[in-house]
Structures are given as C-alpha cells and as structure tokens.
Amino acid sequence: MAFSRLREDIAAARAHDPAADSNAEVFLAYSGLHAIWGHRVANWLWRRRLRLAARVYSQLVRFATGVEIHPGATLGRRLFIDHGMGVVIGETAVVGDDVVIYHGVTLGGTSSRREIRHPRIGNGVVIGAGASVLGAISIGDRSIVGANAVVVRDAPADSVITGIPARARPRVATSSTGPLHPDTYTDPAIYI
C-alpha cells in the first residue's frame, strides 16, 4: 500500500507540474512531496499518542523541506504542494483530496482555545501563492483561492476567492466565445 501511495503522489505531482521531467526527479527533488511523506510518519506517531516524537520529527521535516505541517493535521490523497517553501498547515486543518497548494500558503488558526480552529479545504481546491486561509472555516470543493488572498469566511463549492479580506464569487468556466481551457481558470495567479 505504501508504494502505491508513493506512485499516486508522484503521478499527482507530474500531472500538476509541467516542469517535472521524470518520476525519479519528482521522487528525489520535490520538497513538497517530501514534506507530505514526512507528515505521514509524524501523523502516525501523533495518532499513537507519541506526541513529543511526532512534534520533533515534524520539525526535522520542516527544517529539511521548508514546509511546516502539524502532525495532527489531516491531509487527503494526491495533495500536491508546489515549491513548498513557507507553507504552514495547522493542527486541526483538514485538506481534501486532489488539492494543490502553492508556496507561502498558511492554513492557520484564529483561536488559542483547544478546539477546531483551522480551515477545512474541500476536494480539488487550488490555493494560490501567499494565500492565508484562517480560522475554522470551510472552502468548498473545486474552489480556487487567488494568490495573496486572506480568507476568513466560508466559501461554497466552485468559488473563486480573492481579495483582502477575500470574497467568494461563482467560478464560471465559460465565456461568450465558448468554453475556456482549464488552464485559463485554474491558475490562481490570474485572480490577483
């Protein structure tokens, strides 16, 4: 099972990054994947109540990759963290399947109480570089969070979420000239 998950992760990276030339390159040189793989070990320790070991291990992974994922966070399958540096995912965050996170993203909390205080990210969400998604909020499936957005409110499925503070609007996949190519509306940088 572990090898099938590794293959699945590598395939997801290759699907989302046109610069990926080979499976070997992705396996050896993609810090976002290394952070996810390290999180799986830290999360395994966390769930077995080996909390100190989990925290220490997660900090070693952070040092090696530049990505900080709390061992208590829940990550879905085929998550791809592109470039990775500066990504922070908090303890009670839940990230769905097939999510893409660019560098400098924070999935952070807004409470100091022991409660759910981090966001829930739906399946198929893309979060642009530098975006902050803060608090116990939900981002619906297939939504796009624009680069540098500061999201502090829930957003429904199929939203484009931009601004400071961010506002959600429906994600429209067609124009007066017909359907748009997916690349024209899945790149969060176009929503700056």
# chains A, B, ... in the order shown; residues from 1 in each chain; ligands from 1

call {"tool": "residues_around", "arguments": {"residues": "A:Ser111", "least_positions_apart": "3", "cutoff": "10 Å", "atoms": "only C-alpha atoms", "output": "number ranges by chain"}}
result
A: 108, 114-118, 134-136

call {"tool": "write_last_selection", "arguments": {"atoms": "N, CA and C atoms", "output": "PDB file, in the first residue's frame"}}
result
ATOM      1  N   GLY A 108      -4.156  28.570   8.749  1.00  0.00           N
ATOM      2  CA  GLY A 108      -3.901  28.913  10.142  1.00  0.00           C
ATOM      3  C   GLY A 108      -5.139  29.047  10.995  1.00  0.00           C
ATOM      4  N   ARG A 114      -8.404  25.095  22.788  1.00  0.00           N
ATOM      5  CA  ARG A 114      -8.289  23.737  22.251  1.00  0.00           C
ATOM      6  C   ARG A 114      -9.624  23.363  21.614  1.00  0.00           C
ATOM      7  N   GLU A 115      -9.731  23.653  20.332  1.00  0.00           N
ATOM      8  CA  GLU A 115     -10.947  23.399  19.567  1.00  0.00           C
ATOM      9  C   GLU A 115     -10.550  23.332  18.102  1.00  0.00           C
ATOM     10  N   ILE A 116     -11.506  23.049  17.244  1.00  0.00           N
ATOM     11  CA  ILE A 116     -11.224  23.119  15.805  1.00  0.00           C
ATOM     12  C   ILE A 116     -11.037  24.591  15.475  1.00  0.00           C
ATOM     13  N   ARG A 117      -9.839  24.940  15.039  1.00  0.00           N
ATOM     14  CA  ARG A 117      -9.512  26.349  14.816  1.00  0.00           C
ATOM     15  C   ARG A 117      -8.827  26.617  13.481  1.00  0.00           C
ATOM     16  N   HIS A 118      -8.738  25.576  12.651  1.00  0.00           N
ATOM     17  CA  HIS A 118      -8.105  25.703  11.343  1.00  0.00           C
ATOM     18  C   HIS A 118      -9.107  25.342  10.245  1.00  0.00           C
ATOM     19  N   LEU A 134      -7.752  31.359   7.117  1.00  0.00           N
ATOM     20  CA  LEU A 134      -7.632  31.457   8.566  1.00  0.00           C
ATOM     21  C   LEU A 134      -8.936  31.153   9.286  1.00  0.00           C
ATOM     22  N   GLY A 135      -8.839  30.343  10.320  1.00  0.00           N
ATOM     23  CA  GLY A 135      -9.970  30.062  11.186  1.00  0.00           C
ATOM     24  C   GLY A 135     -10.684  28.775  10.842  1.00  0.00           C
ATOM     25  N   ALA A 136     -11.697  28.471  11.627  1.00  0.00           N
ATOM     26  CA  ALA A 136     -12.491  27.251  11.454  1.00  0.00           C
ATOM     27  C   ALA A 136     -13.536  27.479  10.371  1.00  0.00           C
TER      28      ALA A 136
END

call {"tool": "closest_atom_pairs", "arguments": {"of": "stretch 82-166 of chain A", "to": "stretch 2-21 of chain A", "cutoff": "10 Å", "atoms": "only C-alpha atoms", "output": "CSV"}}
result
residue,atom,partner,partner_atom,distance
A:Asp82,CA,A:Asp17,CA,7.7
A:Asp98,CA,A:Ala12,CA,7.9
A:Val99,CA,A:Ala12,CA,9.7
A:Val100,CA,A:His16,CA,7.9

call {"tool": "atom_distance", "arguments": {"atom1": "atom CA of A:Arg142", "atom2": "atom CA of A:Gly130"}}
result
18.9 Å

call {"tool": "closest_residue", "arguments": {"among": "A:Ser31, A:Ser22, A:Ser58, A:Ser138", "to": "A:His103", "atoms": "only C-alpha atoms"}}
result
A:Ser31

call {"tool": "residues_around", "arguments": {"residues": "A:Asn123", "least_positions_apart": "5", "cutoff": "12 Å", "atoms": "only C-alpha atoms", "output": "PyMOL selection string"}}
result
chain A and resi 75-79+94-100+138-144+157-158

call {"tool": "select_by_dssp", "arguments": {"residues": "stretch 19-131 of chain A", "states": "strand (DSSP E)", "output": "list in words"}}
result
Glu68, Ile69, Thr74, Leu75, Phe80, Ile81, Val88, Ile89, Val94, Val95, Val100, Ile101, Thr106, Leu107, Gly108, Arg120, Ile121, Val126 and Ile127 of chain A

call {"tool": "residues_around", "arguments": {"residues": "A:Asn148", "least_positions_apart": "2", "cutoff": "10 Å", "atoms": "only C-alpha atoms", "output": "ChimeraX atom specification"}}
result
/A:104-105,127-133,145-146,150-151,162-164,166,188-189,191-192

call {"tool": "closest_residue", "arguments": {"among": "A:Val172, A:Ile161, A:Ala73, A:Val152", "to": "A:Glu91", "atoms": "only C-alpha atoms"}}
result
A:Ala73

call {"tool": "closest_residue", "arguments": {"among": "A:Leu33, A:Pro156, A:Thr65, A:Asn43", "to": "A:Ile101", "atoms": "only C-alpha atoms"}}
result
A:Leu33

call {"tool": "residues_around", "arguments": {"residues": "A:Gly72", "least_positions_apart": "5", "cutoff": "12 Å", "atoms": "only C-alpha atoms", "output": "JSON, numbers by chain"}}
result
{"A": [39, 40, 41, 42, 43, 44, 45, 46, 47, 48, 49, 50, 51, 52, 54, 55, 58, 89, 90, 91, 92, 93, 94, 95, 116, 118]}
